[in-house]
Amino acid sequence: MKDSDFIENNVKVVDEFRANKGKVAGWAPLILITTRGAKTGQERVYPLMAVPYGDSYLAVASKGGAPKHPQWYHNLMAHPDITVEVNNEKFPARARQLSGEERAKAFEEAARVFAPYAEYQQKTNREIPVFLLERVK
């Protein structure tokens with residue numbers, strides 16, 4: 001799928017999420033993250049699988065096992081301060097990329113919540129990045 005197709009689909013999903021208090025027909029539970037573009041600085045909104053992790057959430061940059069990271073990965077690397085929407089709650093968060101044992105444990109939990117993540121890792125040569133989205137207090 002081309003990036004433009006992802007963007008077009010995301011707009012529809014975001015609209016339905018917001019219109020239905022976080023519910024999107026035919027989808028597993030989702031969250032929305034609002035980031036700033038790595039190059040443009042413009043606000044961008046992305047729907048991601050909801051992977052609760054303690055009182056935080058995980059963001060798994062799988063892109064369905066594609067060879068390249070999703071666009072939002074680069075945004076989080078450049079601008080880790082984001083907004084997260086869950087159901088009808090919205091809160092500020094900071095994204096932190098996990099590594100080593102911490103990443104392995106988090107990825108295992110993510111694959112438990114959404115089994116296709118394990119398949120996506122098998123489809124690609126890159127290690128799929130995992131971010132912890134921690135609430136800013």
# chains A, B, ... in the order shown; residues from 1 in each chain; ligands from 1
>>> residues_around(residues="A:Glu134", least_positions_apart="3", cutoff="10 Å", atoms="only C-alpha atoms", output="MDAnalysis selection string")
chainID A and resid 53:58 81:82 84 91:96 131 137
>>> residues_around(residues="A:Phe17", least_positions_apart="2", cutoff="12 Å", atoms="only C-alpha atoms", output="PyMOL selection string")
chain A and resi 10-15+19-33+45-48+85-89
>>> atom_distance(atom1="atom CA of A:Asn9", atom2="atom CA of A:Thr40")
21.0 Å
>>> residues_around(residues="A:Gly100", least_positions_apart="3", cutoff="12 Å", atoms="only C-alpha atoms", output="short mmCIF file (atom, residue, chain, number, x, y, z; two decimals) with N, CA, C and O atoms, in the first residue's frame")
data_model
loop_
_atom_site.label_atom_id
_atom_site.label_comp_id
_atom_site.auth_asym_id
_atom_site.auth_seq_id
_atom_site.Cartn_x
_atom_site.Cartn_y
_atom_site.Cartn_z
N GLN A 97 11.37 5.43 22.57
CA GLN A 97 11.64 4.18 21.87
C GLN A 97 12.32 3.20 22.82
O GLN A 97 13.28 3.56 23.51
N ARG A 103 12.36 -3.64 25.15
CA ARG A 103 11.62 -3.72 23.89
C ARG A 103 11.06 -5.12 23.69
O ARG A 103 9.91 -5.30 23.27
N ALA A 104 11.88 -6.15 23.96
CA ALA A 104 11.44 -7.53 23.76
C ALA A 104 10.21 -7.85 24.61
O ALA A 104 9.25 -8.45 24.10
N LYS A 105 10.21 -7.42 25.85
CA LYS A 105 9.07 -7.66 26.74
C LYS A 105 7.83 -6.92 26.24
O LYS A 105 6.73 -7.47 26.21
N ALA A 106 8.02 -5.67 25.82
CA ALA A 106 6.90 -4.87 25.32
C ALA A 106 6.35 -5.46 24.02
O ALA A 106 5.13 -5.53 23.83
N PHE A 107 7.24 -5.90 23.12
CA PHE A 107 6.78 -6.46 21.85
C PHE A 107 6.00 -7.75 22.10
O PHE A 107 4.98 -8.00 21.44
N GLU A 127 14.07 -4.76 12.69
CA GLU A 127 13.44 -4.96 13.99
C GLU A 127 12.35 -3.90 14.12
O GLU A 127 12.63 -2.71 13.98
N PRO A 129 10.23 -1.26 15.56
CA PRO A 129 10.37 -0.40 16.74
C PRO A 129 9.11 -0.39 17.60
O PRO A 129 7.99 -0.49 17.10
N VAL A 130 9.34 -0.27 18.90
CA VAL A 130 8.25 -0.17 19.86
C VAL A 130 8.51 1.07 20.72
O VAL A 130 9.61 1.26 21.23
#
>>> atom_distance(atom1="atom CA of A:Arg135", atom2="atom CA of A:Thr34")
13.6 Å
>>> closest_residue(among="A:Glu8, A:Met49, A:Ser99, A:Ala78", to="A:Ser62", atoms="only C-alpha atoms")
A:Met49
>>> residues_around(residues="A:Glu43", least_positions_apart="5", cutoff="10 Å", atoms="only C-alpha atoms", output="list of chain:residue names")
A:Thr34, A:Thr35, A:Arg36, A:Gly37, A:Ala38, A:Asn75, A:Ile82
>>> select_by_dssp(residues="stretch 44-80 of chain A", states="strand (DSSP E)", output="mmCIF file with all heavy atoms, in the first residue's frame")
data_model
loop_
_atom_site.group_PDB
_atom_site.id
_atom_site.type_symbol
_atom_site.label_atom_id
_atom_site.label_comp_id
_atom_site.auth_asym_id
_atom_site.auth_seq_id
_atom_site.Cartn_x
_atom_site.Cartn_y
_atom_site.Cartn_z
ATOM 1 N N ARG A 44 -0.081 15.990 12.673
ATOM 2 C CA ARG A 44 -0.503 14.771 11.984
ATOM 3 C C ARG A 44 -1.192 13.861 13.002
ATOM 4 O O ARG A 44 -0.753 13.762 14.141
ATOM 5 C CB ARG A 44 0.694 14.015 11.408
ATOM 6 C CG ARG A 44 1.600 14.835 10.508
ATOM 7 C CD ARG A 44 1.038 14.893 9.112
ATOM 8 N NE ARG A 44 2.003 15.522 8.224
ATOM 9 C CZ ARG A 44 1.722 16.500 7.403
ATOM 10 N NH1 ARG A 44 0.493 16.975 7.344
ATOM 11 N NH2 ARG A 44 2.633 17.002 6.608
ATOM 12 N N VAL A 45 -2.249 13.179 12.580
ATOM 13 C CA VAL A 45 -2.983 12.269 13.453
ATOM 14 C C VAL A 45 -2.953 10.877 12.832
ATOM 15 O O VAL A 45 -3.243 10.710 11.641
ATOM 16 C CB VAL A 45 -4.450 12.724 13.645
ATOM 17 C CG1 VAL A 45 -5.181 11.775 14.596
ATOM 18 C CG2 VAL A 45 -4.500 14.147 14.166
ATOM 19 N N TYR A 46 -2.604 9.891 13.663
ATOM 20 C CA TYR A 46 -2.493 8.509 13.193
ATOM 21 C C TYR A 46 -3.272 7.572 14.109
ATOM 22 O O TYR A 46 -3.117 7.639 15.334
ATOM 23 C CB TYR A 46 -1.030 8.049 13.191
ATOM 24 C CG TYR A 46 -0.149 8.843 12.276
ATOM 25 C CD1 TYR A 46 0.595 9.905 12.760
ATOM 26 C CD2 TYR A 46 -0.059 8.536 10.919
ATOM 27 C CE1 TYR A 46 1.417 10.646 11.917
ATOM 28 C CE2 TYR A 46 0.760 9.278 10.076
ATOM 29 C CZ TYR A 46 1.493 10.324 10.584
ATOM 30 O OH TYR A 46 2.301 11.059 9.752
ATOM 31 N N PRO A 47 -4.084 6.675 13.540
ATOM 32 C CA PRO A 47 -4.718 5.628 14.345
ATOM 33 C C PRO A 47 -3.747 4.463 14.511
ATOM 34 O O PRO A 47 -3.084 4.051 13.549
ATOM 35 C CB PRO A 47 -5.927 5.226 13.498
ATOM 36 C CG PRO A 47 -5.537 5.551 12.085
ATOM 37 C CD PRO A 47 -4.566 6.692 12.156
ATOM 38 N N LEU A 48 -3.648 3.966 15.732
ATOM 39 C CA LEU A 48 -2.792 2.818 16.037
ATOM 40 C C LEU A 48 -3.594 1.816 16.865
ATOM 41 O O LEU A 48 -4.558 2.182 17.531
ATOM 42 C CB LEU A 48 -1.564 3.258 16.846
ATOM 43 C CG LEU A 48 -0.668 4.334 16.252
ATOM 44 C CD1 LEU A 48 0.449 4.669 17.231
ATOM 45 C CD2 LEU A 48 -0.098 3.908 14.918
ATOM 46 N N MET A 49 -3.125 0.575 16.856
ATOM 47 C CA MET A 49 -3.761 -0.434 17.697
ATOM 48 C C MET A 49 -3.606 -0.023 19.156
ATOM 49 O O MET A 49 -2.538 0.455 19.551
ATOM 50 C CB MET A 49 -3.115 -1.810 17.477
ATOM 51 C CG MET A 49 -3.205 -2.336 16.055
ATOM 52 S SD MET A 49 -4.863 -2.380 15.359
ATOM 53 C CE MET A 49 -5.696 -3.438 16.501
ATOM 54 N N VAL A 51 -2.678 -0.752 22.603
ATOM 55 C CA VAL A 51 -1.924 -1.753 23.355
ATOM 56 C C VAL A 51 -1.613 -1.157 24.733
ATOM 57 O O VAL A 51 -0.586 -0.494 24.909
ATOM 58 C CB VAL A 51 -0.619 -2.171 22.629
ATOM 59 C CG1 VAL A 51 0.100 -3.255 23.427
ATOM 60 C CG2 VAL A 51 -0.899 -2.651 21.207
ATOM 61 N N PRO A 52 -2.530 -1.355 25.701
ATOM 62 C CA PRO A 52 -2.277 -0.839 27.051
ATOM 63 C C PRO A 52 -1.036 -1.500 27.637
ATOM 64 O O PRO A 52 -0.772 -2.684 27.408
ATOM 65 C CB PRO A 52 -3.526 -1.249 27.833
ATOM 66 C CG PRO A 52 -4.551 -1.593 26.809
ATOM 67 C CD PRO A 52 -3.806 -2.055 25.597
ATOM 68 N N TYR A 53 -0.286 -0.715 28.402
ATOM 69 C CA TYR A 53 0.946 -1.222 29.011
ATOM 70 C C TYR A 53 1.113 -0.506 30.345
ATOM 71 O O TYR A 53 1.636 0.605 30.392
ATOM 72 C CB TYR A 53 2.120 -0.948 28.076
ATOM 73 C CG TYR A 53 3.345 -1.806 28.308
ATOM 74 C CD1 TYR A 53 3.306 -3.178 28.082
ATOM 75 C CD2 TYR A 53 4.529 -1.241 28.732
ATOM 76 C CE1 TYR A 53 4.420 -3.963 28.266
ATOM 77 C CE2 TYR A 53 5.659 -2.015 28.927
ATOM 78 C CZ TYR A 53 5.590 -3.375 28.699
ATOM 79 O OH TYR A 53 6.717 -4.167 28.884
ATOM 80 N N SER A 56 0.308 3.237 30.664
ATOM 81 C CA SER A 56 0.750 3.835 29.400
ATOM 82 C C SER A 56 0.202 3.008 28.235
ATOM 83 O O SER A 56 -0.591 2.087 28.441
ATOM 84 C CB SER A 56 2.283 3.857 29.342
ATOM 85 O OG SER A 56 2.812 4.603 30.416
ATOM 86 N N TYR A 57 0.644 3.343 27.044
ATOM 87 C CA TYR A 57 0.302 2.580 25.846
ATOM 88 C C TYR A 57 1.573 2.325 25.062
ATOM 89 O O TYR A 57 2.564 3.056 25.192
ATOM 90 C CB TYR A 57 -0.707 3.345 24.968
ATOM 91 C CG TYR A 57 -2.103 3.269 25.516
ATOM 92 C CD1 TYR A 57 -2.525 4.142 26.502
ATOM 93 C CD2 TYR A 57 -2.989 2.295 25.073
ATOM 94 C CE1 TYR A 57 -3.794 4.053 27.043
ATOM 95 C CE2 TYR A 57 -4.265 2.201 25.609
ATOM 96 C CZ TYR A 57 -4.659 3.076 26.590
ATOM 97 O OH TYR A 57 -5.916 2.974 27.132
ATOM 98 N N LEU A 58 1.536 1.282 24.228
ATOM 99 C CA LEU A 58 2.641 0.994 23.319
ATOM 100 C C LEU A 58 2.235 1.408 21.911
ATOM 101 O O LEU A 58 1.070 1.266 21.523
ATOM 102 C CB LEU A 58 2.976 -0.504 23.315
ATOM 103 C CG LEU A 58 3.462 -1.094 24.632
ATOM 104 C CD1 LEU A 58 3.632 -2.609 24.491
ATOM 105 C CD2 LEU A 58 4.763 -0.440 25.078
ATOM 106 N N ALA A 59 3.194 1.902 21.165
ATOM 107 C CA ALA A 59 3.019 2.187 19.741
ATOM 108 C C ALA A 59 4.014 1.303 18.998
ATOM 109 O O ALA A 59 5.225 1.402 19.213
ATOM 110 C CB ALA A 59 3.279 3.659 19.444
ATOM 111 N N VAL A 60 3.503 0.419 18.151
ATOM 112 C CA VAL A 60 4.324 -0.555 17.444
ATOM 113 C C VAL A 60 4.424 -0.124 15.984
ATOM 114 O O VAL A 60 3.424 -0.082 15.269
ATOM 115 C CB VAL A 60 3.716 -1.973 17.559
ATOM 116 C CG1 VAL A 60 4.578 -2.998 16.844
ATOM 117 C CG2 VAL A 60 3.541 -2.343 19.041
#
>>> select_by_dssp(residues="stretch 16-128 of chain A", states="alpha helix (DSSP H)", output="PyMOL selection string")
chain A and resi 16-19+71-78+100-113+116-123
>>> write_last_selection(atoms="N, CA, C and O atoms", output="compact mmCIF listing (two decimals), in the first residue's frame")
# COMPACT_ATOMS: atom_id res chain seq x y z
N GLU A 16 -14.14 8.53 12.01
CA GLU A 16 -15.08 7.60 12.64
C GLU A 16 -14.76 7.43 14.13
O GLU A 16 -15.67 7.38 14.96
N PHE A 17 -13.48 7.33 14.47
CA PHE A 17 -13.05 7.22 15.87
C PHE A 17 -13.61 8.38 16.68
O PHE A 17 -14.21 8.18 17.74
N ARG A 18 -13.43 9.58 16.21
CA ARG A 18 -13.86 10.77 16.95
C ARG A 18 -15.39 10.90 16.98
O ARG A 18 -15.95 11.37 17.97
N ALA A 19 -16.05 10.47 15.94
CA ALA A 19 -17.52 10.56 15.88
C ALA A 19 -18.18 9.53 16.80
O ALA A 19 -19.31 9.74 17.25
N GLN A 71 5.41 6.45 8.54
CA GLN A 71 5.74 7.88 8.61
C GLN A 71 5.78 8.38 10.04
O GLN A 71 6.64 9.19 10.41
N TRP A 72 4.86 7.93 10.86
CA TRP A 72 4.79 8.45 12.23
C TRP A 72 6.02 8.12 13.05
O TRP A 72 6.34 8.82 14.01
N TYR A 73 6.76 7.06 12.69
CA TYR A 73 7.99 6.71 13.40
C TYR A 73 8.96 7.89 13.39
O TYR A 73 9.53 8.26 14.43
N HIS A 74 9.16 8.48 12.22
CA HIS A 74 10.10 9.59 12.07
C HIS A 74 9.61 10.82 12.85
O HIS A 74 10.41 11.56 13.42
N ASN A 75 8.29 11.01 12.88
CA ASN A 75 7.73 12.12 13.65
C ASN A 75 8.02 11.96 15.15
O ASN A 75 8.41 12.92 15.81
N LEU A 76 7.84 10.74 15.67
CA LEU A 76 8.11 10.52 17.09
C LEU A 76 9.59 10.68 17.42
O LEU A 76 9.94 11.17 18.49
N MET A 77 10.44 10.27 16.50
CA MET A 77 11.88 10.42 16.74
C MET A 77 12.27 11.90 16.79
O MET A 77 13.11 12.29 17.59
N ALA A 78 11.65 12.71 15.95
CA ALA A 78 11.97 14.15 15.90
C ALA A 78 11.24 14.94 16.98
O ALA A 78 11.79 15.92 17.51
N GLY A 100 16.47 -3.35 23.56
CA GLY A 100 16.94 -4.49 24.33
C GLY A 100 15.82 -5.29 24.97
O GLY A 100 14.77 -5.53 24.37
N GLU A 101 16.05 -5.68 26.21
CA GLU A 101 15.11 -6.51 26.95
C GLU A 101 13.77 -5.80 27.17
O GLU A 101 12.70 -6.42 27.10
N GLU A 102 13.83 -4.49 27.38
CA GLU A 102 12.60 -3.71 27.58
C GLU A 102 11.73 -3.76 26.32
O GLU A 102 10.51 -3.94 26.41
N ARG A 103 12.36 -3.64 25.15
CA ARG A 103 11.62 -3.72 23.89
C ARG A 103 11.06 -5.12 23.69
O ARG A 103 9.91 -5.30 23.27
N ALA A 104 11.88 -6.15 23.96
CA ALA A 104 11.44 -7.53 23.76
C ALA A 104 10.21 -7.85 24.61
O ALA A 104 9.25 -8.45 24.10
N LYS A 105 10.21 -7.42 25.85
CA LYS A 105 9.07 -7.66 26.74
C LYS A 105 7.83 -6.92 26.24
O LYS A 105 6.73 -7.47 26.21
N ALA A 106 8.02 -5.67 25.82
CA ALA A 106 6.90 -4.87 25.32
C ALA A 106 6.35 -5.46 24.02
O ALA A 106 5.13 -5.53 23.83
N PHE A 107 7.24 -5.90 23.12
CA PHE A 107 6.78 -6.46 21.85
C PHE A 107 6.00 -7.75 22.10
O PHE A 107 4.98 -8.00 21.44
N GLU A 108 6.45 -8.54 23.06
CA GLU A 108 5.74 -9.77 23.40
C GLU A 108 4.31 -9.45 23.86
O GLU A 108 3.35 -10.11 23.46
N GLU A 109 4.17 -8.42 24.68
CA GLU A 109 2.84 -8.01 25.14
C GLU A 109 2.00 -7.48 23.97
O GLU A 109 0.82 -7.79 23.86
N ALA A 110 2.62 -6.70 23.10
CA ALA A 110 1.90 -6.16 21.94
C ALA A 110 1.38 -7.30 21.06
O ALA A 110 0.24 -7.26 20.60
N ALA A 111 2.20 -8.33 20.85
CA ALA A 111 1.79 -9.47 20.02
C ALA A 111 0.72 -10.30 20.72
O ALA A 111 -0.09 -10.95 20.06
N ARG A 112 0.69 -10.27 22.05
CA ARG A 112 -0.38 -10.95 22.77
C ARG A 112 -1.71 -10.22 22.55
O ARG A 112 -2.75 -10.84 22.33
N VAL A 113 -1.66 -8.89 22.57
CA VAL A 113 -2.86 -8.07 22.37
C VAL A 113 -3.32 -8.11 20.92
O VAL A 113 -4.51 -8.19 20.64
N PRO A 116 -1.21 -10.34 14.94
CA PRO A 116 -0.51 -10.11 13.69
C PRO A 116 0.87 -9.43 13.82
O PRO A 116 1.70 -9.55 12.92
N TYR A 117 1.14 -8.75 14.95
CA TYR A 117 2.46 -8.14 15.10
C TYR A 117 3.58 -9.18 14.96
O TYR A 117 4.61 -8.91 14.37
N ALA A 118 3.38 -10.36 15.52
CA ALA A 118 4.40 -11.42 15.41
C ALA A 118 4.60 -11.82 13.95
O ALA A 118 5.74 -12.01 13.51
N GLU A 119 3.52 -11.90 13.19
CA GLU A 119 3.62 -12.22 11.76
C GLU A 119 4.34 -11.10 11.01
O GLU A 119 5.16 -11.36 10.13
N TYR A 120 4.04 -9.86 11.36
CA TYR A 120 4.68 -8.72 10.69
C TYR A 120 6.18 -8.74 10.91
O TYR A 120 6.95 -8.43 10.00
N GLN A 121 6.62 -9.12 12.13
CA GLN A 121 8.05 -9.18 12.40
C GLN A 121 8.72 -10.23 11.53
O GLN A 121 9.84 -10.03 11.07
N GLN A 122 8.01 -11.33 11.26
CA GLN A 122 8.56 -12.39 10.41
C GLN A 122 8.66 -11.96 8.94
O GLN A 122 9.51 -12.47 8.21
N LYS A 123 7.82 -11.02 8.52
CA LYS A 123 7.79 -10.57 7.12
C LYS A 123 8.90 -9.59 6.78
O LYS A 123 9.16 -9.35 5.61
>>> atom_distance(atom1="atom CA of A:Ile128", atom2="atom CA of A:Lys63")
8.8 Å
